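Worksheet: the structure to be examined is printed underneath.
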Amino acid sequence: MLKKAFAAFLATGVFMLQASLTIFAAESDFTSANNPVTVTKAADGAYTVTVSNPYFAGETITAAVIREGEDPSVLKTDPSKVLYVNEATADGEGSATFQFFPREKVPFYVAVGSSRPMSYTEGGATTSYIKASVKTYTVTVSSGANGTVIPGGTTTVEENGSFTLTATPNQGYELDKILVNGADTPANNEGKVTITVTRDTVIEVSFKAAAALPPEITLPAEVAFQSADKTQSITFG
């Protein structure tokens, strides 16, 4: 049955997910800005693809997770490059949901096809599919003087992905604060902080002069102590 769905999938056209959910009623409405497909990633690493548009009501929907850089034709020519594929019948409102864990942790896109012909438009050109990525957020790190922070600058992280920062003070300084979206976040003994990214995030790191150590006390080579009544004495050295 899946082979038959793959054939229909490739013959009738493919479009890929991008942007947020909006309901439209005709195939000509499908564009990169108005896409009836969403993808989310849970904290446990599971991805959920949701298709929702009256255009698909009662139709067979096929969702395929394919390695980045590969064409959807690999469904027929090289299934080893397909990280997940399944089909479902959309309900009366045109909704269908797929959940998956990719077989490999490699860059991928999700291609969604229907047993009903459709077109997909991006940048004024109509194609049978469009490349898109899973929802991501940015983590922007800034730091003051007297230490180093790795990584610095801006990093793109998938939704619910983890981000680890390491702050190392220069000699004579120590870590002052790590603020994650304004909230003081303690680091471990190695100066590391790991967060789960659920929105665009700003991290600010500051360092301060290390607290001065108490002065060293130097004793003479030999020290003698005697009791008050001078009957007992102890000598160190």
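Lettering and numbering for the structure tokens are positional, with chains as A, B, ... in the shown order, residues counted from 1 in each chain, and ligands counted from 1 in the shown order.
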
Practice task
Quick one: pick out all helix (DSSP H, G or I) residues within stretch 13-223 of chain A from a backbone DSSP run and write them as number ranges by chain.
Solution key: A: 27-29, 54-56, 74-77, 79-81

Practice task
Find the spatial neighbours of stretch 97-110 of chain A, counting only C-alpha atoms, within a cut-off of 9 Å - ignore same-chain residues fewer than 6 positions away - and output them as a VMD selection string.
Solution key: chain A and resid 15 to 17 39 45 to 52 63 to 70 82 to 88 90 131 to 134

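The space between atom CA of A:Val205 and atom CA of A:Phe163 spans 14.8 Å.
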
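Counting from atom CA of A:Lys135, the distance to atom CA of A:Val202 is 17.8 Å.
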
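In this model, the gap between atom CA of A:Ile61 and atom CA of A:Pro117 comes to 11.4 Å.
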
I want to know what sits within 7 Å of stretch 169-180 of chain A, based on only C-alpha atoms, with residues of the same chain fewer than 3 positions away left out; could you give that as a JSON list (two decimals) with N, CA and C atoms, in the first residue's frame?
[["chain", "number", "residue", "atom", "x", "y", "z"],
["A", 146, "ASN", "N", 37.52, 40.52, 30.80],
["A", 146, "ASN", "CA", 38.18, 39.74, 31.85],
["A", 146, "ASN", "C", 37.80, 38.26, 31.87],
["A", 147, "GLY", "N", 37.40, 37.74, 30.71],
["A", 147, "GLY", "CA", 37.10, 36.32, 30.60],
["A", 147, "GLY", "C", 36.68, 35.96, 29.19],
["A", 148, "THR", "N", 36.54, 34.68, 28.94],
["A", 148, "THR", "CA", 36.10, 34.20, 27.62],
["A", 148, "THR", "C", 34.86, 33.35, 27.78],
["A", 183, "ALA", "N", 17.31, 36.27, 33.76],
["A", 183, "ALA", "CA", 17.25, 35.48, 35.00],
["A", 183, "ALA", "C", 18.64, 34.97, 35.36],
["A", 184, "ASP", "N", 19.03, 35.18, 36.62],
["A", 184, "ASP", "CA", 20.34, 34.71, 37.09],
["A", 184, "ASP", "C", 20.36, 33.18, 37.06],
["A", 185, "THR", "N", 21.33, 32.63, 36.35],
["A", 185, "THR", "CA", 21.42, 31.18, 36.16],
["A", 185, "THR", "C", 22.78, 30.69, 36.62],
["A", 186, "PRO", "N", 22.84, 29.87, 37.68],
["A", 186, "PRO", "CA", 24.14, 29.44, 38.21],
["A", 186, "PRO", "C", 24.84, 28.47, 37.27],
["A", 202, "VAL", "N", 18.57, 35.39, 25.01],
["A", 202, "VAL", "CA", 19.73, 36.28, 25.17],
["A", 202, "VAL", "C", 20.45, 35.89, 26.47],
["A", 203, "ILE", "N", 21.76, 35.63, 26.36],
["A", 203, "ILE", "CA", 22.56, 35.27, 27.52],
["A", 203, "ILE", "C", 23.64, 36.33, 27.72],
["A", 204, "GLU", "N", 23.73, 36.86, 28.93],
["A", 204, "GLU", "CA", 24.73, 37.87, 29.26],
["A", 204, "GLU", "C", 25.64, 37.32, 30.36],
["A", 205, "VAL", "N", 26.95, 37.41, 30.12],
["A", 205, "VAL", "CA", 27.94, 36.87, 31.07],
["A", 205, "VAL", "C", 28.83, 38.01, 31.55],
["A", 206, "SER", "N", 29.09, 38.05, 32.86],
["A", 206, "SER", "CA", 29.99, 39.08, 33.40],
["A", 206, "SER", "C", 30.99, 38.43, 34.35],
["A", 207, "PHE", "N", 32.14, 39.07, 34.46],
["A", 207, "PHE", "CA", 33.21, 38.61, 35.35],
["A", 207, "PHE", "C", 33.55, 39.72, 36.33],
["A", 208, "LYS", "N", 34.15, 39.35, 37.47],
["A", 208, "LYS", "CA", 34.56, 40.34, 38.47],
["A", 208, "LYS", "C", 35.92, 39.93, 39.04],
["A", 209, "ALA", "N", 36.56, 40.91, 39.70],
["A", 209, "ALA", "CA", 37.86, 40.62, 40.31],
["A", 209, "ALA", "C", 37.69, 39.57, 41.38],
["A", 210, "ALA", "N", 38.59, 38.64, 41.43],
["A", 210, "ALA", "CA", 38.52, 37.57, 42.43],
["A", 210, "ALA", "C", 38.74, 38.15, 43.82]]
